[in-house]
>>> print(open('start33.txt').read())   # compact mmCIF, C-alpha atoms
# COMPACT_ATOMS: atom_id res chain seq x y z
CA ILE A 1 0.00 0.00 0.00
CA ALA A 2 2.85 2.38 0.87
CA VAL A 3 4.55 1.68 -2.48
CA LEU A 4 1.29 2.22 -4.35
CA ALA A 5 0.82 5.54 -2.54
CA THR A 6 4.25 6.75 -3.67
CA LEU A 7 3.41 5.78 -7.24
CA LEU A 8 0.05 7.58 -7.23
CA GLN A 9 1.70 10.67 -5.73
CA GLN A 10 4.43 10.43 -8.39
CA LYS A 11 7.11 10.22 -5.71
CA SER A 12 8.54 7.06 -7.25
CA ARG A 13 8.69 5.48 -10.69
CA TRP A 14 6.71 2.52 -11.93
CA PRO A 15 8.82 -0.59 -12.47
CA GLU A 16 10.89 -0.64 -15.63
CA TRP A 17 12.22 -3.89 -17.01
CA CYS A 18 15.27 -5.16 -18.82
CA LEU A 19 13.02 -7.67 -20.58
CA SER A 20 10.84 -6.32 -23.36
CA ALA A 21 7.06 -6.59 -23.05
CA VAL A 22 7.05 -7.70 -19.40
CA TRP A 23 3.69 -6.00 -18.83
CA LEU A 24 2.26 -7.92 -21.79
CA TRP A 25 3.62 -11.17 -20.39
CA LEU A 26 2.07 -10.45 -16.99
CA ALA A 27 -1.24 -9.48 -18.55
CA ALA A 28 -1.32 -12.61 -20.69
CA LEU A 29 -0.50 -14.87 -17.74
CA SER A 30 -3.12 -13.15 -15.56
CA ILE A 31 -5.78 -13.52 -18.27
CA LEU A 32 -4.84 -17.18 -18.55
CA MET A 33 -5.20 -17.76 -14.81
CA THR A 34 -8.52 -15.90 -14.72
CA ALA A 35 -9.86 -17.92 -17.65
CA ALA A 36 -8.65 -21.15 -16.01
CA PHE A 37 -10.41 -20.16 -12.78
CA PHE A 38 -13.78 -19.77 -14.53
CA HIS A 39 -13.13 -22.76 -16.78
CA GLY A 40 -12.68 -24.90 -13.68
CA TYR A 41 -16.23 -24.04 -12.62
CA PHE A 42 -17.67 -25.15 -15.96
CA VAL A 43 -15.75 -28.43 -15.80
CA THR A 44 -16.44 -29.38 -12.16
CA GLY A 45 -19.57 -27.37 -11.38
CA GLU A 46 -18.02 -25.74 -8.33
CA TRP A 47 -15.28 -23.42 -7.11
CA SER A 48 -13.15 -25.00 -4.44
CA ARG A 49 -11.44 -23.02 -1.71
CA TRP A 50 -8.14 -24.31 -3.09
CA ALA A 51 -8.88 -22.82 -6.50
CA LEU A 52 -10.07 -19.47 -5.15
CA ALA A 53 -7.62 -18.81 -2.31
CA ASN A 54 -4.50 -20.74 -3.18
CA LYS A 55 -4.38 -20.50 -6.96
CA PHE A 56 -6.49 -17.61 -8.28
CA THR A 57 -5.97 -15.10 -5.47
CA GLY A 58 -2.47 -16.44 -4.88
CA TRP A 59 -1.52 -15.66 -8.47
CA PHE A 60 -2.17 -11.94 -8.07
CA ILE A 61 -0.22 -11.96 -4.82
CA LEU A 62 2.71 -13.37 -6.79
CA MET A 63 2.31 -10.57 -9.33
CA ALA A 64 2.44 -8.03 -6.51
CA TYR A 65 5.69 -9.55 -5.23
CA PHE A 66 7.16 -9.56 -8.75
CA CYS A 67 6.28 -5.91 -9.31
CA LEU A 68 7.63 -5.00 -5.87
CA GLY A 69 10.96 -6.48 -6.86
CA GLY A 70 10.93 -4.49 -10.09
CA TRP A 71 10.01 -1.32 -8.20
CA LEU A 72 12.94 -1.76 -5.82
CA ALA A 73 15.37 -2.26 -8.70
CA THR A 74 14.00 0.66 -10.72
CA ASN A 75 13.93 3.18 -7.89
CA GLY A 76 16.91 2.03 -5.84
CA GLY A 77 19.23 0.56 -8.46
CA ALA A 78 22.15 -1.69 -7.59
CA ALA A 79 22.45 -0.24 -4.07
CA ALA A 80 18.86 -1.18 -3.16
CA ARG A 81 19.33 -4.62 -4.66
CA GLU A 82 22.47 -5.18 -2.59
CA ARG A 83 20.84 -3.98 0.64
CA PHE A 84 17.83 -6.17 0.05
CA LEU A 85 19.97 -9.24 -0.58
CA GLN A 86 21.98 -8.61 2.58
CA GLY A 87 18.77 -8.43 4.59
CA PHE A 88 17.35 -11.47 2.79
CA ILE A 89 20.40 -13.60 3.57
CA ALA A 90 20.58 -12.37 7.17
CA ALA A 91 16.88 -13.11 7.77
CA PHE A 92 17.33 -16.61 6.36
CA CYS A 93 20.28 -17.29 8.66
CA VAL A 94 18.30 -16.13 11.71
CA ILE A 95 15.22 -18.22 10.81
CA ALA A 96 17.29 -21.30 9.94
CA ALA A 97 19.35 -21.10 13.13
CA GLY A 98 16.22 -20.50 15.22
CA SER A 99 14.42 -23.46 13.64
CA LEU A 100 17.39 -25.72 14.31
CA ALA A 101 17.57 -24.53 17.92
CA VAL A 102 13.86 -25.26 18.45
CA LEU A 103 14.29 -28.70 16.87
CA TYR A 104 17.21 -29.72 19.07
CA LEU A 105 15.73 -28.27 22.25
CA ASN A 106 12.61 -30.27 21.45
CA ASP A 107 14.77 -33.39 20.96
CA LEU A 108 16.25 -32.80 24.43
CA GLY A 109 12.77 -32.41 25.91
CA ILE A 110 13.36 -28.84 27.02
CA LEU A 111 10.60 -27.35 24.85
CA ALA A 112 8.32 -30.39 24.69
CA PRO A 113 5.47 -30.58 24.09
CA LEU A 114 5.33 -28.06 21.27
CA PRO A 115 2.08 -26.76 19.71
CA PHE A 116 3.63 -27.40 16.30
CA LYS A 117 5.84 -30.02 14.68
CA ALA A 118 9.52 -29.09 15.00
CA TYR A 119 10.43 -31.65 12.32
CA PRO A 120 10.69 -31.68 9.40
CA LEU A 121 12.06 -28.15 9.21
CA ALA A 122 9.97 -25.80 7.07
CA GLY A 123 11.44 -22.43 8.08
CA LEU A 124 8.01 -20.84 8.70
CA MET A 125 7.08 -21.70 5.09
CA GLY A 126 4.80 -24.65 5.77
CA ASN A 127 6.58 -26.74 3.12
CA ARG A 128 9.95 -28.37 3.68
CA ASN A 129 10.69 -28.66 -0.03
CA ALA A 130 10.11 -24.94 -0.55
CA PHE A 131 12.41 -24.30 2.42
CA ALA A 132 15.00 -26.61 0.89
CA PHE A 133 14.95 -24.56 -2.30
CA LEU A 134 15.15 -21.35 -0.28
CA THR A 135 18.34 -22.80 1.23
CA VAL A 136 19.70 -23.41 -2.28
CA THR A 137 18.67 -19.89 -3.32
CA VAL A 138 20.45 -18.23 -0.40
CA PHE A 139 23.52 -20.38 -0.98
CA CYS A 140 23.77 -19.31 -4.64
CA ALA A 141 23.03 -15.66 -3.85
CA ALA A 142 25.73 -15.58 -1.16
CA ILE A 143 28.34 -17.20 -3.39
CA PHE A 144 27.86 -14.61 -6.12
CA SER A 145 27.25 -11.52 -3.99
CA ALA A 146 29.53 -11.91 -0.96
CA PRO A 147 33.25 -11.05 -1.16
CA PRO A 148 35.49 -14.17 -1.33
CA GLN A 149 36.77 -13.58 2.22
CA SER A 150 33.35 -12.81 3.69
CA ARG A 151 32.55 -14.45 7.02
CA ILE A 152 29.02 -15.19 5.86
CA LEU A 153 30.17 -17.95 3.49
CA PRO A 154 31.50 -20.37 6.18
CA LEU A 155 28.41 -19.67 8.29
CA ILE A 156 26.09 -20.52 5.42
CA ALA A 157 28.16 -23.64 4.70
CA VAL A 158 27.69 -24.86 8.29
CA LEU A 159 23.96 -24.10 8.13
CA LEU A 160 23.77 -25.90 4.80
CA ALA A 161 25.16 -29.11 6.34
CA PHE A 162 22.62 -28.95 9.17
CA LEU A 163 19.67 -28.09 6.92
CA MET A 164 20.28 -30.75 4.28
CA VAL A 165 20.10 -33.35 7.08
CA GLU A 166 17.18 -31.92 9.04
CA ILE A 167 14.93 -30.75 6.20
CA GLY A 168 14.97 -34.24 4.74
CA SER A 169 14.20 -33.19 1.14
CA ARG A 170 15.60 -35.64 -1.38
CA THR A 171 14.99 -33.30 -4.31
CA GLY A 172 16.59 -30.47 -2.38
CA LEU A 173 19.69 -32.62 -1.90
CA VAL A 174 19.84 -33.35 -5.63
CA VAL A 175 19.48 -29.66 -6.48
CA ILE A 176 22.17 -28.56 -4.02
CA CYS A 177 24.53 -31.16 -5.49
CA ALA A 178 23.81 -29.74 -8.95
CA ALA A 179 24.53 -26.25 -7.63
CA PHE A 180 27.84 -27.45 -6.17
CA PHE A 181 28.83 -29.01 -9.48
CA VAL A 182 28.16 -25.80 -11.42
CA LEU A 183 29.67 -23.48 -8.83
CA GLY A 184 32.77 -25.64 -8.60
CA PHE A 185 33.56 -24.46 -12.13
CA LEU A 186 32.29 -20.90 -11.80
CA LYS A 187 33.49 -20.05 -8.28
CA PRO A 188 36.20 -22.58 -7.35
CA GLN A 189 37.92 -20.36 -4.80
CA GLN A 190 34.76 -19.80 -2.76
CA ILE A 191 33.63 -23.42 -3.03
CA PHE A 192 36.88 -25.22 -2.21
CA ARG A 193 38.40 -22.73 0.24
CA ARG A 194 35.37 -21.34 2.06
CA ILE A 195 32.36 -23.60 1.55
CA LEU A 196 33.69 -27.17 1.68
CA PRO A 197 35.57 -26.70 4.99
CA GLY A 198 32.41 -25.20 6.46
CA ILE A 199 30.32 -28.14 5.26
CA VAL A 200 32.79 -30.63 6.73
CA ALA A 201 32.70 -28.76 10.04
CA GLY A 202 28.88 -28.61 9.87
CA ALA A 203 28.64 -32.35 9.19
CA LEU A 204 30.80 -33.10 12.23
CA LEU A 205 28.67 -30.78 14.35
CA VAL A 206 25.46 -32.44 13.12
CA GLY A 207 26.83 -35.82 14.19
CA ALA A 208 27.85 -34.43 17.57
CA VAL A 209 24.45 -32.84 18.18
CA HIS A 210 22.64 -36.06 17.31
CA GLY A 211 25.00 -37.91 19.63
CA ILE A 212 23.97 -35.57 22.45
CA THR A 213 20.23 -35.71 21.72
CA GLY A 214 20.24 -39.44 21.05
CA LYS A 215 18.24 -39.02 17.84
CA PRO A 216 19.27 -40.96 14.69
CA LEU A 217 20.47 -38.94 11.71
CA LEU A 218 17.64 -40.51 9.71
CA ARG A 219 14.51 -39.34 11.47
CA GLU A 220 11.13 -41.05 11.62
CA HIS A 221 9.68 -40.34 8.18
CA GLN A 222 13.03 -41.05 6.50
CA LEU A 223 13.30 -44.38 8.32
CA ARG A 224 9.75 -45.27 7.24
CA ARG A 225 10.63 -44.46 3.64
CA ALA A 226 13.80 -46.56 3.82
CA GLU A 227 11.84 -49.49 5.24
CA VAL A 228 9.23 -49.32 2.47
CA VAL A 229 11.96 -49.20 -0.19
CA ALA A 230 13.49 -52.32 1.36
CA GLN A 231 10.09 -54.04 1.31
CA ALA A 232 9.58 -53.08 -2.32
CA LEU A 233 12.89 -54.67 -3.27
CA GLN A 234 11.82 -57.95 -1.64
CA GLN A 235 8.41 -58.10 -3.32
CA LYS A 236 7.81 -59.53 -6.77
CA GLY A 237 4.63 -57.56 -7.34
CA PRO A 238 3.81 -53.87 -6.88
CA LEU A 239 4.09 -52.50 -3.36
CA ASN A 240 0.80 -52.09 -1.55
CA VAL A 241 1.60 -48.97 0.45
CA THR A 242 -1.66 -49.00 2.37
CA THR A 243 -0.87 -52.35 4.03
CA ALA A 244 2.94 -52.43 4.13
CA LYS A 245 3.21 -53.09 7.89
CA GLY A 246 1.39 -49.82 8.47
CA VAL A 247 4.69 -47.95 8.55
CA ILE A 248 4.00 -45.46 5.79
CA ARG A 249 1.04 -43.44 4.67
CA ALA A 250 -0.02 -43.43 1.05
CA ARG A 251 0.68 -39.71 0.92
CA SER A 252 4.45 -40.19 1.22
CA SER A 253 4.80 -43.18 -1.09
CA GLU A 254 6.25 -43.15 -4.56
CA ALA A 255 3.43 -45.49 -5.63
CA VAL A 256 0.85 -42.79 -4.92
CA ARG A 257 2.99 -40.13 -6.60
CA LEU A 258 2.82 -42.25 -9.74
CA ARG A 259 -0.92 -42.77 -9.31
CA VAL A 260 -1.46 -39.03 -8.96
CA ALA A 261 0.57 -38.45 -12.12
CA GLY A 262 -1.55 -41.02 -13.94
CA ASP A 263 -4.77 -39.36 -12.78
CA ALA A 264 -3.42 -35.97 -13.85
CA PHE A 265 -2.53 -37.22 -17.33
CA ALA A 266 -5.97 -38.79 -17.66
CA LEU A 267 -7.65 -35.49 -16.76
CA TRP A 268 -5.39 -33.59 -19.14
CA ARG A 269 -6.30 -35.92 -22.02
CA GLU A 270 -9.94 -34.98 -21.48
CA HIS A 271 -9.09 -31.25 -21.73
CA PRO A 272 -5.79 -31.05 -23.64
CA VAL A 273 -5.83 -27.50 -25.01
CA PHE A 274 -7.03 -25.33 -22.12
CA GLY A 275 -6.87 -27.84 -19.26
CA ALA A 276 -9.56 -28.63 -16.72
CA GLY A 277 -9.32 -25.32 -14.84
CA LEU A 278 -7.84 -24.18 -11.54
CA GLY A 279 -8.49 -26.53 -8.64
CA SER A 280 -10.15 -29.10 -10.88
CA PHE A 281 -7.72 -31.93 -10.17
CA LEU A 282 -8.46 -32.08 -6.45
CA THR A 283 -12.20 -31.74 -7.02
CA VAL A 284 -12.30 -34.49 -9.67
CA THR A 285 -10.09 -36.91 -7.75
CA TYR A 286 -11.97 -36.37 -4.48
CA LYS A 287 -15.14 -37.39 -6.29
CA LYS A 288 -13.38 -40.29 -8.02
CA TYR A 289 -12.11 -41.83 -4.79
CA GLU A 290 -15.04 -40.87 -2.58
CA GLY A 291 -15.98 -43.71 -0.25
CA THR A 292 -12.57 -45.38 -0.49
CA ASP A 293 -9.51 -45.21 1.76
CA THR A 294 -7.41 -43.70 -1.04
CA ILE A 295 -5.69 -40.49 0.00
CA VAL A 296 -5.96 -37.73 -2.59
CA ASP A 297 -2.78 -35.72 -3.02
CA LEU A 298 -1.58 -32.71 -5.01
CA ILE A 299 0.28 -32.88 -8.30
CA ASP A 300 3.94 -32.70 -7.29
CA CYS A 301 5.23 -31.50 -10.65
CA THR A 302 4.80 -27.95 -11.91
CA PRO A 303 4.78 -28.73 -15.68
CA LEU A 304 2.26 -31.53 -15.14
CA TRP A 305 0.09 -29.30 -12.96
CA LEU A 306 0.12 -26.59 -15.65
CA LEU A 307 -0.81 -29.11 -18.33
CA THR A 308 -3.62 -30.56 -16.22
CA GLU A 309 -5.28 -27.33 -15.12
CA THR A 310 -4.27 -24.80 -17.84
CA GLY A 311 -3.65 -27.13 -20.77
CA VAL A 312 -1.07 -26.94 -23.51
CA ALA A 313 -1.89 -23.24 -23.92
CA GLY A 314 -1.01 -22.47 -20.31
CA ALA A 315 2.10 -24.66 -20.25
CA LEU A 316 3.43 -22.98 -23.39
CA LEU A 317 2.69 -19.49 -22.07
CA PHE A 318 4.41 -20.10 -18.74
CA GLY A 319 7.25 -21.89 -20.51
CA GLY A 320 7.67 -18.93 -22.85
CA PHE A 321 7.90 -16.48 -19.95
CA TYR A 322 10.40 -18.75 -18.19
CA ALA A 323 12.56 -18.94 -21.31
CA ALA A 324 12.33 -15.17 -21.86
CA ALA A 325 13.44 -14.51 -18.27
CA LEU A 326 16.39 -16.88 -18.67
CA TRP A 327 17.40 -15.16 -21.91
CA ALA A 328 17.19 -11.71 -20.32
CA LEU A 329 19.37 -12.83 -17.41
CA TRP A 330 21.84 -14.46 -19.78
CA TRP A 331 22.03 -11.23 -21.77
CA ARG A 332 22.84 -9.11 -18.71
CA ARG A 333 25.09 -11.60 -16.89
CA LYS A 334 28.40 -9.93 -17.86
CA ASP A 335 29.91 -8.02 -14.91
CA ASN A 336 26.64 -8.54 -13.03
CA PRO A 337 26.99 -11.10 -10.20
CA TRP A 338 23.32 -10.94 -9.25
CA ALA A 339 22.18 -11.72 -12.81
CA GLN A 340 24.57 -14.68 -12.80
CA ALA A 341 23.21 -15.87 -9.46
CA MET A 342 19.58 -15.51 -10.52
CA LEU A 343 20.27 -17.29 -13.80
CA LEU A 344 21.56 -20.31 -11.87
CA ILE A 345 18.73 -20.07 -9.32
CA LEU A 346 16.11 -20.01 -12.06
CA LEU A 347 17.65 -23.03 -13.80
CA LEU A 348 17.69 -24.95 -10.50
CA PHE A 349 14.10 -23.82 -9.91
CA GLY A 350 13.19 -25.57 -13.16
CA VAL A 351 14.84 -28.77 -11.94
CA MET A 352 13.12 -28.60 -8.54
CA SER A 353 9.77 -27.98 -10.23
CA LEU A 354 9.94 -31.35 -11.95
CA ALA A 355 9.48 -33.11 -8.61
CA HIS A 356 7.47 -30.49 -6.67
CA GLU A 357 4.87 -27.83 -7.41
CA ILE A 358 6.67 -24.68 -6.17
CA LEU A 359 5.50 -22.18 -8.78
CA PHE A 360 3.59 -20.26 -6.08
CA THR A 361 6.65 -19.77 -3.86
CA ARG A 362 6.54 -16.03 -3.27
CA TYR A 363 10.19 -15.19 -2.69
CA ILE A 364 11.10 -16.56 -6.13
CA TRP A 365 8.82 -14.03 -7.81
CA LEU A 366 10.17 -11.21 -5.66
CA LEU A 367 13.75 -12.11 -6.55
CA LEU A 368 12.84 -12.53 -10.22
CA GLY A 369 11.28 -9.07 -10.29
CA LEU A 370 14.37 -7.71 -8.53
CA SER A 371 16.61 -9.28 -11.16
CA LEU A 372 14.54 -8.21 -14.17
CA GLY A 373 13.91 -4.70 -12.87
CA SER A 374 15.88 -2.17 -14.92
CA ASP A 375 18.34 0.42 -13.65
CA SER A 376 20.80 2.60 -15.50
CA SER A 377 23.76 0.30 -14.87
CA LEU A 378 22.28 -2.72 -16.65
CA PRO A 379 21.53 -3.41 -20.33
CA ARG A 380 18.05 -3.98 -21.66
CA ARG A 381 17.00 -6.91 -23.80
>>> encode(input="start33.txt", output="structure tokens")
Amino acid sequence: IAVLATLLQQKSRWPEWCLSAVWLWLAALSILMTAAFFHGYFVTGEWSRWALANKFTGWFILMAYFCLGGWLATNGGAAARERFLQGFIAAFCVIAAGSLAVLYLNDLGILAPLPFKAYPLAGLMGNRNAFAFLTVTVFCAAIFSAPPQSRILPLIAVLLAFLMVEIGSRTGLVVICAAFFVLGFLKPQQIFRRILPGIVAGALLVGAVHGITGKPLLREHQLRRAEVVAQALQQKGPLNVTTAKGVIRARSSEAVRLRVAGDAFALWREHPVFGAGLGSFLTVTYKKYEGTDTIVDLIDCTPLWLLTETGVAGALLFGGFYAAALWALWWRRKDNPWAQAMLLILLLFGVMSLAHEILFTRYIWLLLGLSLGSDSSLPRR
């Protein structure tokens, strides 16, 4: 509201972009989401709370975050971008350290019982996979923005070792390994002299802390998953996750992930061009499995979710905007550490999105707007 007031009073400038036709892209995507919202009603005969609050309203919240990032870059330039990133990284470190402290104090019984689950760590985000990608984002941003001798790099390395164990996100671990591989070529001095020693120290500390608390490194849900994998290897037929010794819920099984993907593809084939509309997948599958003990879950794949609920048209439009943003960042990467960082973050975001639906993660849109926002020191494309 304060930013909008400065714009209406002409005390600040509207966001300007290094990517041509950003406003047209945003308008087209917003029209698509609005059409998908109404289309979902015609397909299912109802508007679910998920469609209205999480997807339709949530989309315009994302647009507000994106424009806020562009406004900061346009009006504050490189200095505002640097200050924001410093605050962003500092806030992450405080939240991550606080979450770890709560977790370990809970393990020791000092804070028990808690009114919330201390594990798995979600960093106040409500989703451990989104928090895992936030960890990757901060790691990449710090590598590119902090001076090589900065004290923040070893601190983040130690936190990274703790978080990769305690968050328990397999996809997050894959993505951070991919980031290490790329950064090993791009920033070898920071990785091998500052980050790796910190990770080794963090790993030793994690082991020591678990020795003190008496908790295994693999916590409850990870042990359940490992047990089910072992059972699957011993069975000749498909694993029945609903009866496998009662140690795992269908929600966390790979069998159900595949079933959800199959249901999503089936719904997409019925509405291939424009999809079945926002929120339609949950509504349709709830009705399909009504009266059974089957647990309905979300589509954990952003491209598949886009295909299912917005069709080929929506997937192509979002894919086009993603490609345009990557091209704009590639164009302005020279002598611009933040553009280089955001280029890598956006590529890793694409990898993470294959296994999880994180398109509506707000900080990504804020950082994307901050990176595409134009100032006099950066070229336009």
>>> residues_around(input="start33.txt", residues="Ala2 (chain A)", least_positions_apart="5", cutoff="12 Å", atoms="only C-alpha atoms", output="PyMOL selection string")
chain A and resi 7-9+11-12+68
>>> atom_distance(input="start33.txt", atom1="CA of Gly98 (chain A)", atom2="CA of Pro216 (chain A)")
20.7 Å
>>> atom_distance(input="start33.txt", atom1="CA of Arg81 (chain A)", atom2="CA of Asn54 (chain A)")
28.8 Å
>>> closest_residue(input="start33.txt", among="A:Phe181, A:Trp71, A:Trp50, A:Phe349", to="Val136 (chain A)", atoms="all atoms listed in the file")
A:Phe349
>>> closest_residue(input="start33.txt", among="A:Val256, A:Ile143, A:Ala97, A:Ile156", to="Pro188 (chain A)", atoms="all atoms listed in the file")
A:Ile143
>>> closest_residue(input="start33.txt", among="A:Leu26, A:Val165, A:Trp17, A:Pro303", to="Asn75 (chain A)", atoms="all atoms listed in the file")
A:Trp17
>>> atom_distance(input="start33.txt", atom1="CA of Gln190 (chain A)", atom2="CA of Arg170 (chain A)")
24.9 Å
>>> residues_around(input="start33.txt", residues="Ala141 (chain A)", least_positions_apart="3", cutoff="8 Å", atoms="only C-alpha atoms", output="MDAnalysis selection string")
chainID A and resid 85 137:138 144:145 338 341:342
>>> residues_around(input="start33.txt", residues="Glu270 (chain A)", least_positions_apart="3", cutoff="12 Å", atoms="only C-alpha atoms", output="ChimeraX atom specification")
/A:43,263-267,273-277,281,307-309,311
>>> write_last_selection(input="start33.txt", atoms="C-alpha atoms", output="PDB file, keeping the file's coordinate frame")
ATOM      1  CA  VAL A  43     -15.750 -28.430 -15.800  1.00  0.00           C
ATOM      2  CA  ASP A 263      -4.770 -39.360 -12.780  1.00  0.00           C
ATOM      3  CA  ALA A 264      -3.420 -35.970 -13.850  1.00  0.00           C
ATOM      4  CA  PHE A 265      -2.530 -37.220 -17.330  1.00  0.00           C
ATOM      5  CA  ALA A 266      -5.970 -38.790 -17.660  1.00  0.00           C
ATOM      6  CA  LEU A 267      -7.650 -35.490 -16.760  1.00  0.00           C
ATOM      7  CA  VAL A 273      -5.830 -27.500 -25.010  1.00  0.00           C
ATOM      8  CA  PHE A 274      -7.030 -25.330 -22.120  1.00  0.00           C
ATOM      9  CA  GLY A 275      -6.870 -27.840 -19.260  1.00  0.00           C
ATOM     10  CA  ALA A 276      -9.560 -28.630 -16.720  1.00  0.00           C
ATOM     11  CA  GLY A 277      -9.320 -25.320 -14.840  1.00  0.00           C
ATOM     12  CA  PHE A 281      -7.720 -31.930 -10.170  1.00  0.00           C
ATOM     13  CA  LEU A 307      -0.810 -29.110 -18.330  1.00  0.00           C
ATOM     14  CA  THR A 308      -3.620 -30.560 -16.220  1.00  0.00           C
ATOM     15  CA  GLU A 309      -5.280 -27.330 -15.120  1.00  0.00           C
ATOM     16  CA  GLY A 311      -3.650 -27.130 -20.770  1.00  0.00           C
TER      17      GLY A 311
END
>>> closest_residue(input="start33.txt", among="A:Ala5, A:Leu344, A:Ala90, A:Leu124", to="Ala178 (chain A)", atoms="all atoms listed in the file")
A:Leu344
>>> build_atoms(input="start33.txt", residues="region 21-37 of chain A", atoms="N, CA, C and O atoms", output="PDB file, in the coordinates of the input")
ATOM      1  N   ALA A  21       8.455  -6.142 -23.105  1.00  0.00           N
ATOM      2  CA  ALA A  21       7.060  -6.590 -23.050  1.00  0.00           C
ATOM      3  C   ALA A  21       6.720  -7.363 -21.769  1.00  0.00           C
ATOM      4  O   ALA A  21       5.866  -8.247 -21.788  1.00  0.00           O
ATOM      5  N   VAL A  22       7.371  -7.017 -20.644  1.00  0.00           N
ATOM      6  CA  VAL A  22       7.050  -7.700 -19.400  1.00  0.00           C
ATOM      7  C   VAL A  22       5.582  -7.497 -19.032  1.00  0.00           C
ATOM      8  O   VAL A  22       4.897  -8.435 -18.602  1.00  0.00           O
ATOM      9  N   TRP A  23       5.092  -6.260 -19.192  1.00  0.00           N
ATOM     10  CA  TRP A  23       3.690  -6.000 -18.830  1.00  0.00           C
ATOM     11  C   TRP A  23       2.745  -6.845 -19.675  1.00  0.00           C
ATOM     12  O   TRP A  23       1.706  -7.313 -19.176  1.00  0.00           O
ATOM     13  N   LEU A  24       3.092  -7.063 -20.939  1.00  0.00           N
ATOM     14  CA  LEU A  24       2.260  -7.920 -21.790  1.00  0.00           C
ATOM     15  C   LEU A  24       2.319  -9.370 -21.317  1.00  0.00           C
ATOM     16  O   LEU A  24       1.292 -10.065 -21.321  1.00  0.00           O
ATOM     17  N   TRP A  25       3.507  -9.813 -20.932  1.00  0.00           N
ATOM     18  CA  TRP A  25       3.620 -11.170 -20.390  1.00  0.00           C
ATOM     19  C   TRP A  25       2.752 -11.324 -19.140  1.00  0.00           C
ATOM     20  O   TRP A  25       2.000 -12.310 -19.014  1.00  0.00           O
ATOM     21  N   LEU A  26       2.845 -10.364 -18.225  1.00  0.00           N
ATOM     22  CA  LEU A  26       2.070 -10.450 -16.990  1.00  0.00           C
ATOM     23  C   LEU A  26       0.577 -10.408 -17.252  1.00  0.00           C
ATOM     24  O   LEU A  26      -0.205 -11.128 -16.617  1.00  0.00           O
ATOM     25  N   ALA A  27       0.176  -9.561 -18.201  1.00  0.00           N
ATOM     26  CA  ALA A  27      -1.240  -9.480 -18.550  1.00  0.00           C
ATOM     27  C   ALA A  27      -1.736 -10.789 -19.149  1.00  0.00           C
ATOM     28  O   ALA A  27      -2.820 -11.286 -18.796  1.00  0.00           O
ATOM     29  N   ALA A  28      -0.932 -11.355 -20.055  1.00  0.00           N
ATOM     30  CA  ALA A  28      -1.320 -12.610 -20.690  1.00  0.00           C
ATOM     31  C   ALA A  28      -1.427 -13.742 -19.669  1.00  0.00           C
ATOM     32  O   ALA A  28      -2.387 -14.534 -19.686  1.00  0.00           O
ATOM     33  N   LEU A  29      -0.470 -13.824 -18.768  1.00  0.00           N
ATOM     34  CA  LEU A  29      -0.500 -14.870 -17.740  1.00  0.00           C
ATOM     35  C   LEU A  29      -1.687 -14.675 -16.792  1.00  0.00           C
ATOM     36  O   LEU A  29      -2.329 -15.654 -16.385  1.00  0.00           O
ATOM     37  N   SER A  30      -1.995 -13.430 -16.459  1.00  0.00           N
ATOM     38  CA  SER A  30      -3.120 -13.150 -15.560  1.00  0.00           C
ATOM     39  C   SER A  30      -4.453 -13.466 -16.234  1.00  0.00           C
ATOM     40  O   SER A  30      -5.379 -13.995 -15.589  1.00  0.00           O
ATOM     41  N   ILE A  31      -4.562 -13.149 -17.516  1.00  0.00           N
ATOM     42  CA  ILE A  31      -5.780 -13.520 -18.270  1.00  0.00           C
ATOM     43  C   ILE A  31      -5.926 -15.024 -18.322  1.00  0.00           C
ATOM     44  O   ILE A  31      -7.033 -15.572 -18.152  1.00  0.00           O
ATOM     45  N   LEU A  32      -4.812 -15.721 -18.532  1.00  0.00           N
ATOM     46  CA  LEU A  32      -4.840 -17.180 -18.550  1.00  0.00           C
ATOM     47  C   LEU A  32      -5.344 -17.743 -17.228  1.00  0.00           C
ATOM     48  O   LEU A  32      -6.219 -18.625 -17.210  1.00  0.00           O
ATOM     49  N   MET A  33      -4.806 -17.240 -16.113  1.00  0.00           N
ATOM     50  CA  MET A  33      -5.200 -17.760 -14.810  1.00  0.00           C
ATOM     51  C   MET A  33      -6.659 -17.429 -14.498  1.00  0.00           C
ATOM     52  O   MET A  33      -7.372 -18.234 -13.884  1.00  0.00           O
ATOM     53  N   THR A  34      -7.116 -16.263 -14.930  1.00  0.00           N
ATOM     54  CA  THR A  34      -8.520 -15.900 -14.720  1.00  0.00           C
ATOM     55  C   THR A  34      -9.435 -16.810 -15.527  1.00  0.00           C
ATOM     56  O   THR A  34     -10.459 -17.309 -15.027  1.00  0.00           O
ATOM     57  N   ALA A  35      -9.064 -17.026 -16.800  1.00  0.00           N
ATOM     58  CA  ALA A  35      -9.860 -17.920 -17.650  1.00  0.00           C
ATOM     59  C   ALA A  35      -9.878 -19.338 -17.084  1.00  0.00           C
ATOM     60  O   ALA A  35     -10.923 -20.007 -17.092  1.00  0.00           O
ATOM     61  N   ALA A  36      -8.717 -19.801 -16.580  1.00  0.00           N
ATOM     62  CA  ALA A  36      -8.650 -21.150 -16.010  1.00  0.00           C
ATOM     63  C   ALA A  36      -9.504 -21.255 -14.755  1.00  0.00           C
ATOM     64  O   ALA A  36     -10.097 -22.300 -14.482  1.00  0.00           O
ATOM     65  N   PHE A  37      -9.584 -20.164 -13.991  1.00  0.00           N
ATOM     66  CA  PHE A  37     -10.410 -20.160 -12.780  1.00  0.00           C
ATOM     67  C   PHE A  37     -11.887 -20.356 -13.137  1.00  0.00           C
ATOM     68  O   PHE A  37     -12.580 -21.185 -12.540  1.00  0.00           O
TER      69      PHE A  37
END
